[in-house]
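Presented below is the structure to which this report refers.
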Amino acid sequence: AWVDAADMKSDLALTVPLNTRAVLCLESAKLSRNPEGVFVFTYAGKPITEVKTAFQSACVRAGLGKFTEAGYEGFTWHGLRHTWATWHVQNRTPLDVLQKLGGWADLRMVMHYAHHAPSHLASYAGNTGK
């Protein structure tokens, strides 16, 4: 997947490798909703051009958010990034690799997820050589 520089906080484009399951999901959505293959994500046969609005509406339908006078409250698009990073750490993806996958410029940002897998420390407990 390609994220344009304009959509990145760092103003640098990001290439995100997708796993087999993600590719199959995207291919299935493309084939079932839009045989021309131009848009993967559609609603009522038209391309979704504003992901934020569509995502918030889906969260409301799922009971994960609500619209108030102040605006939307609830689970956000960015929460998916946190979930993705947490799952990677829990499955022992090295933090430097996660940094590259997620496009973080600074390893300190990735360290926010390190506490989700403290069990990996046990494998180093015997490294004193004594």
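Lettering and numbering for the structure tokens are positional, with chains as A, B, ... in the shown order, residues counted from 1 in each chain, and ligands counted from 1 in the shown order.
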
Quick one: DSSP alpha helix (DSSP H) residues in range 39-80 of chain A, as an MDAnalysis selection string? chainID A and resid 51:61 77:80

Long-range neighbours of range 56-61 of chain A as a VMD selection string, 10 Å cut-off, only C-alpha atoms, 5 positions minimum in chain: chain A and resid 51 66 to 67 72 to 77

note - CA of His82 in chain A and CA of Ala114 in chain A are separated by 11.8 Å

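If only C-alpha atoms are the atoms counted, then among A:Gly71, A:His116, A:Cys25, A:Asp106 the closest residue to Trp84 in chain A is A:His116.
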
Using the chain letters and numbers from this document, which residues of chain A does DSSP assign to strand (DSSP E), as number ranges by chain? A: 2-3, 14-15, 42-43, 46-47, 65-68, 71-74

Store the residues picked out above in a file with N, CA, C and O atoms, as a compact mmCIF listing (two decimals), in the first residue's frame.
```txt
# COMPACT_ATOMS: atom_id res chain seq x y z
N TRP A 2 0.43 2.27 -0.59
CA TRP A 2 1.19 3.51 -0.71
C TRP A 2 0.42 4.62 -0.02
O TRP A 2 -0.76 4.82 -0.27
N VAL A 3 1.10 5.36 0.87
CA VAL A 3 0.51 6.52 1.53
C VAL A 3 1.25 7.74 1.00
O VAL A 3 2.48 7.86 1.16
N LEU A 14 5.02 6.88 2.28
CA LEU A 14 5.29 5.63 2.99
C LEU A 14 4.76 4.45 2.19
O LEU A 14 3.61 4.47 1.73
N THR A 15 5.59 3.45 1.99
CA THR A 15 5.17 2.20 1.40
C THR A 15 4.93 1.22 2.55
O THR A 15 5.80 1.02 3.38
N THR A 42 -16.32 1.30 -1.65
CA THR A 42 -17.45 2.03 -2.21
C THR A 42 -18.63 1.96 -1.25
O THR A 42 -18.69 1.12 -0.35
N TYR A 43 -19.59 2.84 -1.49
CA TYR A 43 -20.86 2.83 -0.75
C TYR A 43 -21.94 3.15 -1.77
O TYR A 43 -21.85 4.15 -2.48
N LYS A 46 -20.74 3.96 -5.23
CA LYS A 46 -19.90 5.14 -5.47
C LYS A 46 -18.67 5.07 -4.57
O LYS A 46 -18.73 4.54 -3.46
N PRO A 47 -17.55 5.60 -5.06
CA PRO A 47 -16.32 5.54 -4.26
C PRO A 47 -16.44 6.35 -2.97
O PRO A 47 -17.06 7.41 -2.95
N GLY A 65 -19.09 4.67 18.87
CA GLY A 65 -18.99 6.11 18.89
C GLY A 65 -20.35 6.73 18.74
O GLY A 65 -21.36 6.05 18.57
N LYS A 66 -20.38 8.07 18.84
CA LYS A 66 -21.64 8.79 18.69
C LYS A 66 -21.34 10.20 18.20
O LYS A 66 -20.25 10.73 18.39
N PHE A 67 -22.35 10.79 17.55
CA PHE A 67 -22.25 12.17 17.13
C PHE A 67 -22.97 13.01 18.17
O PHE A 67 -24.09 12.69 18.58
N THR A 68 -22.32 14.06 18.63
CA THR A 68 -22.91 14.98 19.60
C THR A 68 -22.88 16.39 19.01
O THR A 68 -22.39 16.59 17.90
N GLY A 71 -19.50 17.33 18.09
CA GLY A 71 -18.87 16.56 17.01
C GLY A 71 -18.88 15.08 17.32
O GLY A 71 -19.67 14.60 18.12
N TYR A 72 -17.96 14.36 16.71
CA TYR A 72 -17.87 12.91 16.89
C TYR A 72 -17.09 12.59 18.16
O TYR A 72 -16.06 13.19 18.44
N GLU A 73 -17.58 11.60 18.91
CA GLU A 73 -16.88 11.09 20.09
C GLU A 73 -16.84 9.57 19.97
O GLU A 73 -17.86 8.95 19.72
N GLY A 74 -15.67 8.99 20.16
CA GLY A 74 -15.58 7.54 20.14
C GLY A 74 -14.29 7.06 19.51
O GLY A 74 -13.29 7.79 19.43
```

The residue from A:Gly129, A:Pro94, A:Gly102, A:Pro118 with the smallest atom-to-atom distance to Leu80 in chain A, counting only C-alpha atoms, is A:Gly102

**OP:** Name the residues in contact with Asp96 in chain A at a cut-off of 10 Å, using only C-alpha atoms, excluding same-chain residues fewer than 2 positions from it; report them as a ChimeraX atom specification.
**Re:** /A:93-94,98-101,104,106-107,110-111

For Leu12 in chain A, the closest of A:Gly79, A:Gly103, A:Gly126, A:Gly45 counting only C-alpha atoms is A:Gly103

Report task. Find the distance between CA of Leu18 in chain A and CA of Ala1 in chain A and write it in Å to one decimal. Result ->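 CA of Ala1 in chain A lies 6.7 Å from CA of Leu18 in chain A.
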
TODO: Compile the contact shell of Ala13 in chain A as a PyMOL selection string: residues with an atom at most 8 Å away, counting only C-alpha atoms, same-chain residues fewer than 5 positions apart removed.
DONE: chain A and resi 2-8

A straight line from CA of His112 in chain A to CA of Val89 in chain A spans 10.4 Å
